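Asks: Here it is, the structure, as structure tokens.
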Amino acid sequence: MRSPRLLLLAEKECRELLASRSYWLMLLMIGPLVGHSFITAVDLYAEASGIGGGPAALPQGLSPLDGIMVPTLGAYDLAATFLFPFVAIRMIAAEKESGALKLALQFPSGAGTQLVAKAVIVIAGWLAALSAGLIATAFWKFYGGHLYAPEILNLMLGHVLHALLISGVAVAAAALAENASSAAIVTLGFTVGTWALDFVAAGRGGLLQNFAKYTPVAALRTFEQGLLDPGVVIVLLAMGIGGFAVAASWVRVGGTWKTRAAALTAILISIGGVSMAASALRSSRDLSEDRRNSFAPADEEALRQVREPLRVTAYLAPEDPRLTDLQRSILSKLGRVLPRVEVDQVAGGKTGLFEASEDHYGEIWYEIGGRRAMSRSTIERVVLEEIYRLAEVAPPSDQAIEISYSGYPLAVRPRGAAVVFYVIWPLAVALVWWFQRRPGR
């Protein structure tokens, strides 16, 4: 009986969503947002490819993921932050203000099933909004552009999970707050708070930086780099689903304030436990075509022969660019290959400007099996040669580590895109909205 009830509830929530002006306004604005991002990205990509006889960048640096898809779908980051919360909030707030929620919760289906139906429909509405991004992708293929399916699908997965997280927070805020405006302020406060956390963690390092890895902005950045991290996926799912669980526990009929608070506490503890367990996962998959998150296959084969833990001690301040280079180009890749990598960041200051007199500042020590070596370089080949020497592993030959990614330059203009995104898309959205609002529909 639960499945038919869920289908009926989903149909009811779908009608509510289609009756929401906030959803249609979001659809109306998404088309021009995506179109502007796409047109700008194509123009810049064409200039980098040497259109009109201008200077061209190196082909290896022209990746459609970075040059086209990330900036184009970046419009959905703005939409998820500033537009989509109002759609999700309305699904709870409108029923609370009209009193329909109290009546609906008295049905046999219960609050949990009803929130599941709301979650399914709100994500389905977001998937419909992604059609503008699919149109941009079709335009790029029509122009003769190259796309690598795994990294594109991974990027879209990141935007869907980002929307799930934002909708979960918005629905929870709508259930806890008295009205829609308060819920909107709470949701925006959550977003701004995660921005601040991401900004502060960049200059602090340590545990705070590890925690900031799972903020919405940082998590989306992982997908934009072509990396599928199960830990990030699980955390986003836990927080998004947890938001709907919070809403279901808080609006449940017949519960006292104490029972609701106890249920809320239990859900938050569960979300925290799942997130902590997920953050310990080390397995991740590099889905980028240019293997930006991985070493050359020959290097990875050689590194897998290292059986002992690697300990890295960096005498660098958190805001030192060398530490950023070390983490992005070396440590993050080593963590995906070696059995265990331990990293200690010793310098306590933020910039290192006042630590120049220290004897060790700028040094990076590597230790494997009691053998230690120091280097000040963050260049990939220099560091790998040092690790091979300490691990007593034969390095691969120079021919085996040659870069195979050739890049995909394309010097074209975004013809036809402006008409579709600035004219046809708004007209289509307006016509569908008018059609579904006709009497008898």
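Simple scheme: letters A, B, ... for chains in structure tokens order, numbers from 1 for residues in each chain, numbers from 1 for ligands in the order shown.
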Run DSSP on the backbone and give me the residues of region 246-379 of chain A it puts in alpha helix (DSSP H), as an mmCIF file with N, CA and C atoms, in the first residue's frame.

Replies:
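Full text of out_31.cif as output:
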data_model
loop_
_atom_site.group_PDB
_atom_site.id
_atom_site.type_symbol
_atom_site.label_atom_id
_atom_site.label_comp_id
_atom_site.auth_asym_id
_atom_site.auth_seq_id
_atom_site.Cartn_x
_atom_site.Cartn_y
_atom_site.Cartn_z
ATOM 1 N N VAL A 246 14.897 15.944 9.189
ATOM 2 C CA VAL A 246 14.648 16.950 10.224
ATOM 3 C C VAL A 246 13.258 17.550 10.057
ATOM 4 N N ALA A 247 12.913 17.886 8.815
ATOM 5 C CA ALA A 247 11.588 18.457 8.560
ATOM 6 C C ALA A 247 10.483 17.470 8.924
ATOM 7 N N ALA A 248 10.664 16.184 8.575
ATOM 8 C CA ALA A 248 9.639 15.184 8.870
ATOM 9 C C ALA A 248 9.454 15.005 10.372
ATOM 10 N N SER A 249 10.543 15.005 11.127
ATOM 11 C CA SER A 249 10.442 14.822 12.576
ATOM 12 C C SER A 249 9.831 16.040 13.262
ATOM 13 N N TRP A 250 10.067 17.234 12.724
ATOM 14 C CA TRP A 250 9.600 18.458 13.393
ATOM 15 C C TRP A 250 8.126 18.744 13.131
ATOM 16 N N VAL A 251 7.631 18.394 11.936
ATOM 17 C CA VAL A 251 6.230 18.694 11.615
ATOM 18 C C VAL A 251 5.293 17.560 12.002
ATOM 19 N N TRP A 257 7.287 19.140 22.383
ATOM 20 C CA TRP A 257 8.512 19.872 22.067
ATOM 21 C C TRP A 257 9.732 19.038 22.430
ATOM 22 N N LYS A 258 9.686 18.306 23.534
ATOM 23 C CA LYS A 258 10.828 17.508 23.971
ATOM 24 C C LYS A 258 11.087 16.343 23.016
ATOM 25 N N THR A 259 10.017 15.673 22.579
ATOM 26 C CA THR A 259 10.219 14.545 21.661
ATOM 27 C C THR A 259 10.759 15.034 20.315
ATOM 28 N N ARG A 260 10.296 16.194 19.884
ATOM 29 C CA ARG A 260 10.807 16.744 18.636
ATOM 30 C C ARG A 260 12.282 17.115 18.770
ATOM 31 N N ALA A 261 12.634 17.728 19.887
ATOM 32 C CA ALA A 261 14.032 18.102 20.105
ATOM 33 C C ALA A 261 14.912 16.859 20.185
ATOM 34 N N ALA A 262 14.411 15.796 20.828
ATOM 35 C CA ALA A 262 15.180 14.558 20.925
ATOM 36 C C ALA A 262 15.377 13.934 19.543
ATOM 37 N N ALA A 263 14.310 13.935 18.721
ATOM 38 C CA ALA A 263 14.431 13.394 17.365
ATOM 39 C C ALA A 263 15.395 14.226 16.530
ATOM 40 N N LEU A 264 15.327 15.553 16.681
ATOM 41 C CA LEU A 264 16.228 16.434 15.948
ATOM 42 C C LEU A 264 17.679 16.168 16.341
ATOM 43 N N THR A 265 17.925 16.004 17.626
ATOM 44 C CA THR A 265 19.280 15.718 18.099
ATOM 45 C C THR A 265 19.790 14.386 17.549
ATOM 46 N N ALA A 266 18.919 13.378 17.558
ATOM 47 C CA ALA A 266 19.327 12.060 17.055
ATOM 48 C C ALA A 266 19.671 12.123 15.565
ATOM 49 N N ILE A 267 18.886 12.890 14.800
ATOM 50 C CA ILE A 267 19.155 13.004 13.368
ATOM 51 C C ILE A 267 20.478 13.719 13.134
ATOM 52 N N LEU A 268 20.710 14.808 13.864
ATOM 53 C CA LEU A 268 21.955 15.554 13.692
ATOM 54 C C LEU A 268 23.171 14.702 14.074
ATOM 55 N N ILE A 269 23.038 13.917 15.132
ATOM 56 C CA ILE A 269 24.138 13.029 15.526
ATOM 57 C C ILE A 269 24.383 11.971 14.446
ATOM 58 N N SER A 270 23.301 11.458 13.863
ATOM 59 C CA SER A 270 23.439 10.457 12.802
ATOM 60 C C SER A 270 24.127 11.048 11.579
ATOM 61 N N ILE A 271 23.724 12.279 11.221
ATOM 62 C CA ILE A 271 24.369 12.935 10.084
ATOM 63 C C ILE A 271 25.857 13.129 10.356
ATOM 64 N N GLY A 272 26.178 13.582 11.576
ATOM 65 C CA GLY A 272 27.579 13.770 11.933
ATOM 66 C C GLY A 272 28.361 12.469 11.911
ATOM 67 N N GLY A 273 27.758 11.377 12.415
ATOM 68 C CA GLY A 273 28.446 10.085 12.415
ATOM 69 C C GLY A 273 28.701 9.567 11.021
ATOM 70 N N VAL A 274 27.684 9.670 10.157
ATOM 71 C CA VAL A 274 27.859 9.222 8.776
ATOM 72 C C VAL A 274 28.914 10.056 8.064
ATOM 73 N N SER A 275 28.897 11.357 8.312
ATOM 74 C CA SER A 275 29.865 12.245 7.659
ATOM 75 C C SER A 275 31.280 11.947 8.120
ATOM 76 N N MET A 276 31.464 11.689 9.403
ATOM 77 C CA MET A 276 32.796 11.365 9.903
ATOM 78 C C MET A 276 33.297 10.049 9.332
ATOM 79 N N ALA A 277 32.402 9.074 9.244
ATOM 80 C CA ALA A 277 32.804 7.787 8.666
ATOM 81 C C ALA A 277 33.146 7.940 7.181
ATOM 82 N N ALA A 278 32.357 8.761 6.475
ATOM 83 C CA ALA A 278 32.607 8.952 5.047
ATOM 84 C C ALA A 278 33.906 9.706 4.805
ATOM 85 N N SER A 279 34.243 10.634 5.701
ATOM 86 C CA SER A 279 35.470 11.406 5.515
ATOM 87 C C SER A 279 36.720 10.551 5.641
ATOM 88 N N PRO A 297 50.412 6.860 -15.553
ATOM 89 C CA PRO A 297 50.209 5.441 -15.231
ATOM 90 C C PRO A 297 51.502 4.732 -14.835
ATOM 91 N N ALA A 298 52.607 5.054 -15.484
ATOM 92 C CA ALA A 298 53.876 4.409 -15.138
ATOM 93 C C ALA A 298 54.318 4.785 -13.728
ATOM 94 N N ASP A 299 54.100 6.050 -13.338
ATOM 95 C CA ASP A 299 54.437 6.470 -11.979
ATOM 96 C C ASP A 299 53.551 5.775 -10.957
ATOM 97 N N GLU A 300 52.286 5.656 -11.246
ATOM 98 C CA GLU A 300 51.380 4.997 -10.304
ATOM 99 C C GLU A 300 51.748 3.525 -10.134
ATOM 100 N N GLU A 301 52.145 2.887 -11.229
ATOM 101 C CA GLU A 301 52.570 1.479 -11.130
ATOM 102 C C GLU A 301 53.816 1.341 -10.255
ATOM 103 N N ALA A 302 54.729 2.306 -10.389
ATOM 104 C CA ALA A 302 55.939 2.262 -9.562
ATOM 105 C C ALA A 302 55.617 2.568 -8.105
ATOM 106 N N LEU A 303 54.719 3.515 -7.863
ATOM 107 C CA LEU A 303 54.375 3.887 -6.489
ATOM 108 C C LEU A 303 53.642 2.770 -5.756
ATOM 109 N N PRO A 321 51.995 29.800 -0.932
ATOM 110 C CA PRO A 321 51.615 29.160 -2.208
ATOM 111 C C PRO A 321 52.294 27.816 -2.431
ATOM 112 N N ARG A 322 53.475 27.644 -1.852
ATOM 113 C CA ARG A 322 54.165 26.371 -2.029
ATOM 114 C C ARG A 322 53.408 25.231 -1.366
ATOM 115 N N LEU A 323 52.756 25.500 -0.240
ATOM 116 C CA LEU A 323 51.967 24.461 0.415
ATOM 117 C C LEU A 323 50.752 24.093 -0.433
ATOM 118 N N THR A 324 50.123 25.096 -1.040
ATOM 119 C CA THR A 324 48.994 24.828 -1.933
ATOM 120 C C THR A 324 49.428 23.975 -3.121
ATOM 121 N N ASP A 325 50.572 24.319 -3.714
ATOM 122 C CA ASP A 325 51.086 23.522 -4.830
ATOM 123 C C ASP A 325 51.393 22.097 -4.395
ATOM 124 N N LEU A 326 51.984 21.972 -3.216
ATOM 125 C CA LEU A 326 52.333 20.646 -2.709
ATOM 126 C C LEU A 326 51.092 19.790 -2.511
ATOM 127 N N SER A 332 47.692 15.180 -2.745
ATOM 128 C CA SER A 332 46.369 14.640 -3.079
ATOM 129 C C SER A 332 46.485 13.435 -4.001
ATOM 130 N N LYS A 333 47.455 13.457 -4.893
ATOM 131 C CA LYS A 333 47.647 12.326 -5.812
ATOM 132 C C LYS A 333 48.285 11.138 -5.094
ATOM 133 N N LEU A 334 49.245 11.419 -4.203
ATOM 134 C CA LEU A 334 49.878 10.326 -3.460
ATOM 135 C C LEU A 334 48.865 9.603 -2.584
#

Asks: Quick one: of A:Gln114, A:Pro318, A:Leu147, A:Lys96, who's nearest to Ala177 (chain A), counting only C-alpha atoms?

Replies: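 That would be A:Lys96, the residue with the smallest distance to Ala177 (chain A).
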
Asks: Would you give me, as a VMD selection string, the residues in region 259-350 of chain A that DSSP reads as strand (DSSP E or B)?

Replies: chain A and resid 285 to 286 310 to 314 341 to 345

Asks: Find the distance between CA of Leu115 (chain A) and CA of Ser167 (chain A) and write it in Å to one decimal.

Replies: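 These atoms are spaced 11.7 Å apart.
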
Asks: Report as number ranges by chain all protein, DNA and RNA residues lying within 12 Å of Thr191 (chain A), evaluated on only C-alpha atoms, omitting residues in the same chain fewer than 3 positions from it.

Replies: A: 77-78, 80-82, 85, 162, 165-167, 169-170, 184-188, 194-198, 215-217

Asks: Just want the 9 Å neighbourhood of region 64-73 of chain A, counted on only C-alpha atoms, with same-chain residues fewer than 4 positions away dropped. Output as a PyMOL selection string.

Replies: chain A and resi 33-42+44-45+77+130+133+136-137+140+145-148+151-152+155-156+159+224-226+288-289+407-409

Asks: Selected residues, N, CA and C atoms, written as a compact mmCIF listing (two decimals), in the first residue's frame, please.

Replies:
# COMPACT_ATOMS: atom_id res chain seq x y z
N LEU A 33 20.74 32.71 -17.75
CA LEU A 33 21.96 32.55 -16.94
C LEU A 33 22.90 31.53 -17.58
N VAL A 34 22.37 30.38 -17.91
CA VAL A 34 23.19 29.35 -18.55
C VAL A 34 23.67 29.82 -19.91
N GLY A 35 22.78 30.48 -20.66
CA GLY A 35 23.16 30.96 -21.98
C GLY A 35 24.29 31.97 -21.94
N HIS A 36 24.19 32.92 -21.01
CA HIS A 36 25.27 33.91 -20.89
C HIS A 36 26.59 33.25 -20.53
N SER A 37 26.55 32.30 -19.59
CA SER A 37 27.77 31.60 -19.20
C SER A 37 28.35 30.81 -20.37
N PHE A 38 27.48 30.15 -21.12
CA PHE A 38 27.93 29.34 -22.25
C PHE A 38 28.52 30.21 -23.36
N ILE A 39 27.84 31.28 -23.72
CA ILE A 39 28.31 32.14 -24.79
C ILE A 39 29.66 32.77 -24.43
N THR A 40 29.78 33.23 -23.18
CA THR A 40 31.05 33.81 -22.74
C THR A 40 32.16 32.77 -22.77
N ALA A 41 31.84 31.54 -22.31
CA ALA A 41 32.85 30.48 -22.28
C ALA A 41 33.32 30.11 -23.69
N VAL A 42 32.39 30.03 -24.63
CA VAL A 42 32.76 29.68 -26.01
C VAL A 42 33.62 30.77 -26.63
N LEU A 44 35.63 32.90 -25.06
CA LEU A 44 36.96 32.84 -24.46
C LEU A 44 37.74 31.63 -24.96
N TYR A 45 37.06 30.51 -25.12
CA TYR A 45 37.71 29.29 -25.61
C TYR A 45 38.20 29.50 -27.05
N ASP A 77 25.16 26.83 -9.95
CA ASP A 77 25.61 27.12 -8.59
C ASP A 77 24.90 28.36 -8.06
N LEU A 130 17.92 21.36 -15.41
CA LEU A 130 19.21 21.04 -16.02
C LEU A 130 19.13 20.90 -17.54
N GLY A 133 21.31 23.26 -19.43
CA GLY A 133 22.70 22.83 -19.55
C GLY A 133 22.87 21.77 -20.63
N ALA A 136 23.02 23.51 -23.91
CA ALA A 136 24.35 24.08 -24.13
C ALA A 136 25.34 22.99 -24.56
N THR A 137 25.23 21.82 -23.95
CA THR A 137 26.09 20.70 -24.34
C THR A 137 25.85 20.29 -25.78
N TRP A 140 27.50 22.75 -28.09
CA TRP A 140 28.95 22.55 -28.17
C TRP A 140 29.29 21.38 -29.10
N GLY A 145 32.71 20.57 -31.00
CA GLY A 145 33.49 20.46 -29.78
C GLY A 145 33.56 19.05 -29.24
N HIS A 146 34.55 18.81 -28.43
CA HIS A 146 34.78 17.48 -27.84
C HIS A 146 34.22 17.44 -26.43
N LEU A 147 33.63 16.33 -26.06
CA LEU A 147 33.15 16.11 -24.70
C LEU A 147 33.53 14.69 -24.27
N TYR A 148 33.94 14.57 -23.01
CA TYR A 148 34.29 13.27 -22.45
C TYR A 148 33.21 12.91 -21.44
N GLU A 151 33.54 12.62 -17.29
CA GLU A 151 33.75 13.84 -16.51
C GLU A 151 32.53 14.76 -16.57
N ILE A 152 31.77 14.73 -17.66
CA ILE A 152 30.57 15.56 -17.76
C ILE A 152 29.47 15.02 -16.85
N LEU A 155 30.29 15.82 -13.32
CA LEU A 155 30.02 17.22 -13.01
C LEU A 155 28.53 17.45 -12.77
N MET A 156 27.69 16.85 -13.59
CA MET A 156 26.25 17.00 -13.39
C MET A 156 25.80 16.33 -12.10
N HIS A 159 26.29 18.77 -9.34
CA HIS A 159 25.27 19.82 -9.26
C HIS A 159 23.95 19.27 -8.71
N GLU A 224 34.09 19.50 -10.14
CA GLU A 224 34.57 20.32 -11.25
C GLU A 224 35.98 19.95 -11.67
N GLN A 225 36.73 19.32 -10.79
CA GLN A 225 38.07 18.86 -11.13
C GLN A 225 38.07 17.46 -11.73
N GLY A 226 36.88 16.89 -11.92
CA GLY A 226 36.80 15.57 -12.53
C GLY A 226 37.06 14.43 -11.57
N SER A 288 38.62 12.58 -14.95
CA SER A 288 39.02 13.59 -15.91
C SER A 288 39.81 12.95 -17.05
N GLU A 289 39.58 13.43 -18.26
CA GLU A 289 40.25 12.85 -19.42
C GLU A 289 41.74 13.13 -19.40
N GLY A 407 44.78 17.92 -25.76
CA GLY A 407 43.91 19.08 -25.73
C GLY A 407 42.98 19.13 -26.94
N TYR A 408 41.98 20.02 -26.86
CA TYR A 408 40.98 20.10 -27.92
C TYR A 408 40.68 21.56 -28.26
N PRO A 409 41.58 22.23 -28.97
CA PRO A 409 41.30 23.61 -29.39
C PRO A 409 40.15 23.66 -30.39

Asks: Write out as a ChimeraX atom specification which residues come within 9 Å of Ile123 (chain A) when counting only C-alpha atoms, dropping same-chain ones fewer than 5 positions away.

Replies: /A:118,128,160,163-164,167

Asks: Closest to Ala48 (chain A) among A:Ile424, A:Ala296, A:Ala411, A:Cys14, using only C-alpha atoms?

Replies: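 Residue with the minimum atom-to-atom distance to Ala48 (chain A): A:Ala411.
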
Asks: Give me the residues near Trp433 (chain A) as a list in words, where near means some atom within 10 Å (using only C-alpha atoms) and where sequence neighbours in that chain fewer than 5 positions away do not count.

Replies: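 Within the cut-off, the hits are Leu18, Ala19, Ser20, Arg21, Trp24, Leu25, Leu427, Ala428 and Arg438 of chain A.
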
Asks: Take the residues from that selection and put them in a file with C-alpha atoms, as a short mmCIF file (atom, residue, chain, number, x, y, z; two decimals), in the first residue's frame.

Replies:
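Done, and the output landed in part10.cif:
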data_model
loop_
_atom_site.label_atom_id
_atom_site.label_comp_id
_atom_site.auth_asym_id
_atom_site.auth_seq_id
_atom_site.Cartn_x
_atom_site.Cartn_y
_atom_site.Cartn_z
CA LEU A 18 3.80 23.41 -11.14
CA ALA A 19 1.50 25.86 -9.38
CA SER A 20 4.47 27.56 -7.74
CA ARG A 21 5.40 30.88 -9.29
CA TRP A 24 8.59 29.05 -13.00
CA LEU A 25 10.53 32.22 -12.24
CA LEU A 427 9.01 32.16 -24.46
CA ALA A 428 8.83 28.37 -24.07
CA ARG A 438 -5.63 27.01 -18.03
#

Asks: Using only C-alpha atoms, which of A:Asp43, A:Glu16, A:Glu319, A:Glu385 sits nearest Ala88 (chain A)?

Replies: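 Ranked by minimum distance to Ala88 (chain A), first place goes to A:Glu16.
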
Asks: Of the candidates A:Val420, A:Ala46, A:Val346, A:Val200, which one gets nearest to Ala138 (chain A) if we count only C-alpha atoms?

Replies: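 Using only C-alpha atoms, Ala138 (chain A) sits closest to A:Val420.
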